[in-house]
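This is my_file-v3.txt (compact mmCIF, C-alpha atoms).
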# COMPACT_ATOMS: atom_id res chain seq x y z
CA MET A 1197 37.68 -47.73 96.20
CA LYS A 1198 36.46 -49.51 93.10
CA LYS A 1199 33.07 -47.98 93.53
CA LYS A 1200 34.67 -44.55 93.75
CA ILE A 1201 36.71 -45.13 90.64
CA PHE A 1202 33.63 -46.44 88.80
CA ALA A 1203 31.62 -43.43 89.88
CA MET A 1204 34.30 -41.11 88.67
CA MET A 1205 34.39 -42.91 85.29
CA MET A 1206 30.63 -42.59 84.96
CA LEU A 1207 30.83 -38.89 85.73
CA SER A 1208 33.52 -38.50 83.04
CA VAL A 1209 31.37 -40.32 80.45
CA LEU A 1210 28.38 -38.20 81.40
CA ALA A 1211 30.42 -35.03 81.15
CA PHE A 1212 31.75 -36.06 77.72
CA SER A 1213 28.24 -36.86 76.51
CA MET A 1214 26.96 -33.52 77.69
CA THR A 1215 29.90 -31.76 76.08
CA ALA A 1216 29.27 -33.56 72.79
CA CYS A 1217 25.62 -32.59 72.86
CA SER A 1218 26.56 -29.03 73.60
CA VAL A 1219 29.00 -28.94 70.66
CA GLU A 1220 26.34 -30.37 68.37
CA ASP A 1221 23.87 -27.88 69.67
CA VAL A 1222 26.35 -25.09 68.97
CA LEU A 1223 27.45 -26.30 65.51
CA SER A 1224 24.03 -27.26 64.18
CA PRO A 1225 22.66 -23.73 63.87
CA ASN A 1226 25.78 -22.64 61.93
CA VAL A 1227 25.50 -25.53 59.51
CA THR A 1228 21.80 -24.79 59.01
CA LYS A 1229 22.57 -21.11 58.46
CA GLU A 1230 25.19 -21.94 55.83
CA ALA A 1231 22.69 -24.21 54.03
CA ASP A 1232 20.07 -21.47 54.18
CA ASP A 1233 22.61 -18.98 52.81
CA ASP A 1234 23.38 -21.35 49.92
CA ASP A 1235 19.63 -21.64 49.17
CA ASP A 1236 19.28 -17.84 49.28
CA ASP A 1237 22.22 -17.47 46.86
CA GLU A 1238 20.60 -19.95 44.47
CA ASP A 1239 17.25 -18.14 44.73
CA LYS A 1240 18.93 -14.81 44.04
CA SER A 1241 20.79 -16.29 41.07
CA ASP A 1242 17.54 -17.71 39.66
CA LYS A 1243 15.80 -14.37 40.16
CA LYS A 1244 18.61 -12.52 38.39
CA LYS A 1245 18.44 -15.00 35.48
CA LYS A 1246 14.65 -14.61 35.23
CA ASP A 1247 14.97 -10.82 35.39
CA LYS A 1248 17.62 -10.91 32.65
CA ASP A 1249 15.47 -13.19 30.48
CA LYS A 1250 12.51 -10.83 30.98
CA ASP A 1251 14.65 -7.81 30.05
CA ASP A 1252 15.93 -9.60 26.94
CA LYS A 1253 12.37 -10.51 25.95
CA ASP A 1254 11.21 -6.92 26.49
CA ASP A 1255 14.11 -5.64 24.40
CA LYS A 1256 13.20 -8.03 21.58
CA ASN A 1257 9.53 -7.01 21.74
CA ASN A 1258 10.45 -3.32 21.72
CA ALA A 1259 12.77 -3.89 18.78
CA ALA A 1260 10.03 -5.77 16.92
CA VAL A 1261 7.52 -2.97 17.56
CA ALA A 1262 10.02 -0.36 16.43
CA GLY A 1263 10.85 -2.37 13.32
CA SER A 1264 7.18 -2.80 12.50
CA ALA A 1265 6.56 0.93 12.92
CA GLN A 1266 9.54 1.75 10.74
CA ALA A 1267 8.35 -0.70 8.07
CA SER A 1268 4.86 0.82 8.14
CA GLU A 1269 6.33 4.30 7.81
CA GLY A 1270 8.47 3.15 4.90
CA GLU A 1271 5.45 1.54 3.24
CA ALA A 1272 3.43 4.72 3.68
CA GLU A 1273 6.23 6.77 2.17
CA SER A 1274 6.49 4.39 -0.80
CA THR A 1275 2.83 4.98 -1.73
CA VAL A 1276 3.17 8.78 -1.91
CA VAL A 1277 2.57 10.00 -5.46
CA THR A 1278 5.07 12.82 -5.87
CA ASN A 1279 3.76 13.89 -9.30
CA LEU A 1280 0.09 13.98 -8.37
CA ASP A 1281 -1.33 17.34 -9.41
CA GLU A 1282 -2.54 19.31 -6.38
CA ASN A 1283 -5.73 20.14 -8.28
CA ALA A 1284 -6.53 16.50 -9.09
CA VAL A 1285 -10.02 15.40 -8.08
CA GLU A 1286 -10.54 12.21 -6.06
CA TYR A 1287 -13.20 9.66 -6.96
CA ASN A 1288 -13.57 6.11 -5.65
CA GLY A 1289 -9.94 5.82 -4.56
CA HIS A 1290 -8.51 7.34 -7.77
CA HIS A 1291 -7.49 10.87 -8.76
CA TYR A 1292 -8.26 12.61 -12.06
CA MET A 1293 -7.07 15.76 -13.77
CA VAL A 1294 -7.94 17.40 -17.10
CA TYR A 1295 -5.06 18.94 -19.08
CA THR A 1296 -5.67 21.26 -22.04
CA THR A 1297 -2.25 20.91 -23.69
CA THR A 1298 -2.85 20.06 -27.36
CA GLN A 1299 -1.00 16.87 -28.34
CA ASN A 1300 -1.66 13.64 -30.18
CA TRP A 1301 -2.74 10.47 -28.37
CA LEU A 1302 0.73 8.95 -27.96
CA ASN A 1303 2.16 12.19 -26.58
CA VAL A 1304 -0.56 12.60 -23.97
CA LYS A 1305 -0.23 8.92 -23.01
CA ASN A 1306 3.44 9.55 -22.27
CA ALA A 1307 2.64 12.83 -20.51
CA CYS A 1308 0.33 11.09 -18.02
CA GLU A 1309 2.91 8.38 -17.35
CA VAL A 1310 5.61 10.98 -16.67
CA LYS A 1311 3.26 12.45 -14.06
CA GLY A 1312 3.06 9.05 -12.35
CA GLY A 1313 -0.39 8.16 -13.69
CA HIS A 1314 -1.91 7.07 -17.00
CA LEU A 1315 -4.48 8.20 -19.52
CA VAL A 1316 -7.87 7.70 -17.94
CA VAL A 1317 -9.29 4.16 -17.84
CA ILE A 1318 -13.10 4.02 -17.58
CA ASN A 1319 -14.62 0.85 -16.15
CA SER A 1320 -18.24 1.75 -15.43
CA ALA A 1321 -21.09 4.07 -16.38
CA GLU A 1322 -20.66 5.85 -13.04
CA GLU A 1323 -16.98 6.53 -13.72
CA GLN A 1324 -17.83 7.67 -17.25
CA GLN A 1325 -20.33 10.17 -15.86
CA PHE A 1326 -17.79 11.43 -13.32
CA VAL A 1327 -15.11 11.90 -15.99
CA PHE A 1328 -17.57 13.57 -18.34
CA ASN A 1329 -18.54 16.01 -15.58
CA LEU A 1330 -14.87 16.96 -15.20
CA THR A 1331 -14.80 18.14 -18.82
CA GLN A 1332 -17.73 20.51 -18.48
CA GLY A 1333 -16.68 24.13 -18.71
CA VAL A 1334 -13.24 23.24 -20.11
CA ASP A 1335 -12.33 25.27 -23.19
CA ARG A 1336 -11.85 22.22 -25.40
CA THR A 1337 -14.21 19.98 -27.37
CA TYR A 1338 -12.54 16.56 -27.50
CA PHE A 1339 -10.90 14.57 -24.71
CA TRP A 1340 -8.49 11.70 -25.19
CA ILE A 1341 -9.00 8.62 -23.03
CA GLY A 1342 -6.63 5.68 -22.54
CA LEU A 1343 -8.24 3.31 -25.05
CA ALA A 1344 -6.75 2.21 -28.38
CA ASP A 1345 -6.78 -0.81 -30.68
CA ASP A 1346 -3.79 -2.85 -31.84
CA ASP A 1347 -3.92 -1.54 -35.43
CA THR A 1348 -4.69 -5.00 -36.80
CA ASN A 1349 -8.00 -6.53 -35.72
CA ASN A 1350 -9.95 -3.66 -34.13
CA THR A 1351 -9.48 -5.10 -30.62
CA TYR A 1352 -9.50 -2.27 -28.10
CA GLU A 1353 -7.46 -2.34 -24.90
CA TRP A 1354 -6.85 0.12 -22.08
CA VAL A 1355 -3.40 1.57 -21.45
CA ASP A 1356 -3.12 -0.45 -18.22
CA GLY A 1357 -3.44 -3.67 -20.25
CA SER A 1358 -7.04 -4.44 -19.24
CA ALA A 1359 -9.75 -5.36 -21.74
CA ALA A 1360 -12.56 -2.93 -22.52
CA SER A 1361 -15.29 -4.65 -20.51
CA TYR A 1362 -17.25 -1.39 -20.31
CA THR A 1363 -17.72 0.81 -23.40
CA ASN A 1364 -19.69 3.92 -24.28
CA TRP A 1365 -19.46 4.02 -28.07
CA ASP A 1366 -21.45 6.43 -30.18
CA ASN A 1367 -23.63 5.04 -33.00
CA GLU A 1368 -21.71 3.02 -35.60
CA GLN A 1369 -18.50 3.36 -33.59
CA PRO A 1370 -15.78 2.24 -33.67
CA ASP A 1371 -15.47 2.02 -37.44
CA CYS A 1372 -11.71 2.39 -38.01
CA TYR A 1373 -12.59 4.69 -40.92
CA GLY A 1374 -9.92 4.78 -43.60
CA GLY A 1375 -7.86 2.25 -41.65
CA THR A 1376 -6.29 5.02 -39.57
CA GLU A 1377 -8.70 5.50 -36.67
CA HIS A 1378 -7.28 3.59 -33.67
CA TYR A 1379 -7.43 6.07 -30.76
CA VAL A 1380 -10.45 6.94 -28.64
CA MET A 1381 -11.89 10.26 -27.51
CA PHE A 1382 -15.24 11.77 -26.56
CA PRO A 1383 -16.64 15.31 -26.92
CA ASN A 1384 -18.00 17.25 -23.95
CA GLN A 1385 -20.87 18.53 -26.13
CA GLU A 1386 -22.81 17.38 -29.15
CA VAL A 1387 -20.78 17.80 -32.32
CA ILE A 1388 -22.10 17.81 -35.92
CA TYR A 1389 -19.72 16.74 -38.66
CA SER A 1390 -20.48 17.36 -42.31
CA ASN A 1391 -18.87 17.40 -45.72
CA GLU A 1392 -20.97 19.24 -48.30
CA ALA A 1393 -18.70 18.21 -51.16
CA GLU A 1394 -19.17 14.55 -50.36
CA GLY A 1395 -22.73 15.06 -49.24
CA TRP A 1396 -22.65 13.57 -45.79
CA SER A 1397 -23.13 14.71 -42.21
CA TRP A 1398 -23.46 13.03 -38.82
CA SER A 1399 -23.53 14.03 -35.19
CA GLN A 1400 -21.71 12.69 -32.14
CA GLU A 1401 -23.49 12.72 -28.83
CA ALA A 1402 -21.82 14.41 -25.87
CA GLY A 1403 -19.82 11.91 -23.82
CA LYS A 1404 -20.06 9.13 -26.42
CA TRP A 1405 -16.82 7.56 -27.63
CA SER A 1406 -15.42 7.60 -31.12
CA ASP A 1407 -12.22 6.26 -32.70
CA VAL A 1408 -10.13 8.85 -34.56
CA PRO A 1409 -6.64 9.10 -36.08
CA LEU A 1410 -3.56 9.71 -33.92
CA ASP A 1411 -3.56 13.46 -34.54
CA GLY A 1412 -7.29 14.02 -34.80
CA SER A 1413 -7.46 14.59 -38.60
CA ALA A 1414 -9.30 17.39 -40.40
CA GLU A 1415 -12.72 16.56 -38.93
CA PHE A 1416 -11.32 16.48 -35.39
CA ASP A 1417 -9.11 19.56 -35.07
CA LEU A 1418 -6.19 18.66 -32.78
CA ASN A 1419 -6.22 22.21 -31.37
CA LYS A 1420 -9.59 21.39 -29.80
CA PHE A 1421 -8.27 18.34 -27.92
CA ALA A 1422 -7.47 17.92 -24.23
CA TYR A 1423 -6.73 14.81 -22.18
CA ILE A 1424 -7.48 13.28 -18.78
CA CYS A 1425 -4.89 11.69 -16.51
CA GLU A 1426 -5.74 9.22 -13.76
CA TRP A 1427 -3.74 8.11 -10.70
CA ASP A 1428 -4.58 4.79 -9.02
CA TYR A 1429 -3.78 5.94 -5.46

For the file at hand, write its structure as structure tokens.
Amino acid sequence: MKKKIFAMMMLSVLAFSMTACSVEDVLSPNVTKEADDDDDDEDKSDKKKKDKDKDDKDDKNNAAVAGSAQASEGEAESTVVTNLDENAVEYNGHHYMVYTTTQNWLNVKNACEVKGGHLVVINSAEEQQFVFNLTQGVDRTYFWIGLADDDTNNTYEWVDGSAASYTNWDNEQPDCYGGTEHYVMFPNQEVIYSNEAEGWSWSQEAGKWSDVPLDGSAEFDLNKFAYICEWDY
């Protein structure tokens, strides 16, 4: 009897053990699945965050590119010279134009500045030759350039504030004759000046510079003057 009872107890323990193993076997896959699902959710969350960061970075880059393009366009627009004469001639990054309106030196200086430029500044023999060529065939004799002295010590300076490092003076020029000659011009042809009453005469070579009074004076008829504007664009 005891043996039978013992055997029955052993069978019960065995059955319980098998049942426990079966429950574990059943539950374990579900627990593993839930853990895997949690990992998948985390991976998806990380991917979404990375995608969002990438989109934000792309947006910033696109905005930067657009801003740079807009700035470049604005810079280009700011360099447009609205008053540049359509007939102006380009040379070495500058533009030049001859005007035949008869005015004194100060008036033509202002006229060029109103147009967005300045009276011509000549810094080399090559530029002098180019400017001189522009005056050929123009129905004027004298051409104002942007050079003048300070009325006190015969120190000549260009209208842009630069010193006259290059000059093309005619013989014995500048002489500030009579204390009134402070403004510079050149003729586009040889000119002979004379005064029979005073017994003197001299000639000025074409293209060579001379200082004259503000309004040209009797020897330099203002009606024969023109001027040259320059734009530094």

Looking at A:Trp1340, A:Trp1365, A:Phe1416, A:Trp1354, which one is nearest to Tyr1389 in chain A, with distances taken over all atoms listed in the file?
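The shortest atom-to-atom distance to Tyr1389 in chain A comes from A:Phe1416.
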
Would you list the contacts of Asn1279 in chain A as a ChimeraX atom specification, taking every protein, DNA or RNA residue within 10 Å and counting all atoms listed in the file, but skipping same-chain residues closer than 2 positions in sequence?
/A:1276-1277,1281-1282,1308-1313,1427

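Distance annotation: of A:Phe1328, A:Ile1424, A:Asp1335, A:Tyr1429, the residue with the minimal separation from Ala1402 in chain A is A:Phe1328; atom set is all atoms listed in the file.
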
If you measure from CA of Asn1364 in chain A to CA of Trp1405 in chain A, what distance in Å do you get, rounded to one decimal?
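Taking CA of Asn1364 in chain A as the start and CA of Trp1405 in chain A as the end point, the length is 5.7 Å.
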
For CA of Gly1333 in chain A and CA of Ser1390 in chain A, quote the distance in Å rounded to one decimal.
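CA of Ser1390 in chain A lies 24.8 Å from CA of Gly1333 in chain A.
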
Using all atoms listed in the file, which of A:Asp1371, A:Asp1417, A:Glu1286, A:Glu1426 sits nearest Asp1345 in chain A?
A:Asp1371

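A straight line drawn from CA of Gly1357 in chain A to CA of Asp1411 in chain A is 22.3 Å long.
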